[in-house]
Amino acid sequence: MKKERVGFALCGSFCTHAKALSALEKTKARFGDVTAIVSENVAALDTRFGAAHELMRELERICDKRVIDSLPKAEPLGPKKLLDALVICPCTGNTLGKLASGVADTTVTLSAKSHLRNGRPLILAVSTNDALASSAKSIGALLDKKNVYFVP
């Protein structure tokens, strides 16, 4: 049986990171080969929910490998077909908008764009307080894209 290689990307919905880490632990237990990917804000910003360096250390502990935290580190993911599936959890409204518009200017959006080029699944776990308002248009656009799936 082939072992799936899963990317698990975190965006800046800092209040949901504890739940995202729990989901990452379950993903790692299920698939084994999991690569953590973080936006530049996640990698650099300390918030009331925790220090960035502590989160990065925890991601590396869970995944047993270095975190992808920059555009140069993310660039090979697509061309080298390094992932079989990519989860973005949490996926913020900002990231939804960028993905819907084809913008790839962060580590997470570049990872997603290059991953989708390979025709492989992108799973979005949306975390936004405006999903029925300004993010609804982006969600609608992404619902129509091939290989893009949403966590209910």
# chains A, B, ... in the order shown; residues from 1 in each chain; ligands from 1

call {"tool": "residues_around", "arguments": {"residues": "range 95-98 of chain A", "least_positions_apart": "4", "cutoff": "12 Å", "atoms": "only C-alpha atoms", "output": "number ranges by chain"}}
result
A: 9-13, 38-39, 88-91, 102-113, 123-128, 130-131, 134-143, 148, 150

call {"tool": "select_by_dssp", "arguments": {"residues": "chain A", "states": "alpha helix (DSSP H)", "output": "MDAnalysis selection string"}}
result
chainID A and resid 17:31 40:44 52:63 71:74 93:101 107:116 136:143

call {"tool": "closest_residue", "arguments": {"among": "A:Cys15, A:Ala74, A:Val87, A:Leu59", "to": "Thr47 in chain A", "atoms": "only C-alpha atoms"}}
result
A:Cys15

call {"tool": "residues_around", "arguments": {"residues": "Ala85 in chain A", "least_positions_apart": "6", "cutoff": "10 Å", "atoms": "only C-alpha atoms", "output": "list in words"}}
result
Glu4, Arg5, Val6, Gly7, Phe8, Val34, Ala112, His115, Leu116, Gly119, Arg120, Pro121, Leu122, Ile123 and Asn147 of chain A

call {"tool": "select_by_dssp", "arguments": {"residues": "range 2-147 of chain A", "states": "strand (DSSP E or B)", "output": "VMD selection string"}}
result
chain A and resid 5 to 10 33 to 38 47 50 68 85 to 91 122 to 126

call {"tool": "residues_around", "arguments": {"residues": "Arg61 in chain A", "least_positions_apart": "4", "cutoff": "12 Å", "atoms": "only C-alpha atoms", "output": "VMD selection string"}}
result
chain A and resid 21 24 to 25 28 34 to 36 54 to 57 65 to 67

call {"tool": "closest_residue", "arguments": {"among": "A:Phe49, A:Ala44, A:Leu82, A:Ser114", "to": "Thr16 in chain A", "atoms": "only C-alpha atoms"}}
result
A:Phe49

call {"tool": "residues_around", "arguments": {"residues": "Ala43 in chain A", "least_positions_apart": "6", "cutoff": "8 Å", "atoms": "only C-alpha atoms", "output": "PyMOL selection string"}}
result
chain A and resi 52-53+56+69

call {"tool": "atom_distance", "arguments": {"atom1": "CA of Asp64 in chain A", "atom2": "CA of Ala23 in chain A"}}
result
15.9 Å

call {"tool": "decode", "arguments": {"residues": "range 93-122 of chain A", "atoms": "C-alpha atoms", "output": "mmCIF file, in the first residue's frame"}}
result
data_model
loop_
_atom_site.group_PDB
_atom_site.id
_atom_site.type_symbol
_atom_site.label_atom_id
_atom_site.label_comp_id
_atom_site.auth_asym_id
_atom_site.auth_seq_id
_atom_site.Cartn_x
_atom_site.Cartn_y
_atom_site.Cartn_z
ATOM 1 C CA GLY A 93 -10.769 34.598 4.539
ATOM 2 C CA ASN A 94 -7.634 36.333 3.296
ATOM 3 C CA THR A 95 -6.211 33.061 1.993
ATOM 4 C CA LEU A 96 -9.581 32.120 0.469
ATOM 5 C CA GLY A 97 -9.613 35.401 -1.438
ATOM 6 C CA LYS A 98 -6.087 34.926 -2.698
ATOM 7 C CA LEU A 99 -6.735 31.354 -3.815
ATOM 8 C CA ALA A 100 -9.959 32.358 -5.572
ATOM 9 C CA SER A 101 -8.107 35.157 -7.385
ATOM 10 C CA GLY A 102 -5.018 33.124 -8.288
ATOM 11 C CA VAL A 103 -2.706 35.127 -6.031
ATOM 12 C CA ALA A 104 0.302 33.153 -4.784
ATOM 13 C CA ASP A 105 2.260 35.614 -2.665
ATOM 14 C CA THR A 106 2.551 33.679 0.610
ATOM 15 C CA THR A 107 4.062 30.333 1.491
ATOM 16 C CA VAL A 108 0.608 28.793 1.872
ATOM 17 C CA THR A 109 -0.923 30.208 -1.321
ATOM 18 C CA LEU A 110 2.148 29.307 -3.407
ATOM 19 C CA SER A 111 2.047 25.773 -1.979
ATOM 20 C CA ALA A 112 -1.645 25.468 -2.856
ATOM 21 C CA LYS A 113 -1.295 26.884 -6.360
ATOM 22 C CA SER A 114 1.653 24.670 -7.296
ATOM 23 C CA HIS A 115 -0.013 21.645 -5.694
ATOM 24 C CA LEU A 116 -3.245 22.150 -7.662
ATOM 25 C CA ARG A 117 -1.274 22.294 -10.905
ATOM 26 C CA ASN A 118 -0.547 18.599 -10.358
ATOM 27 C CA GLY A 119 -4.268 17.781 -10.185
ATOM 28 C CA ARG A 120 -4.070 16.700 -6.563
ATOM 29 C CA PRO A 121 -6.589 17.442 -3.803
ATOM 30 C CA LEU A 122 -6.579 20.667 -1.825
#
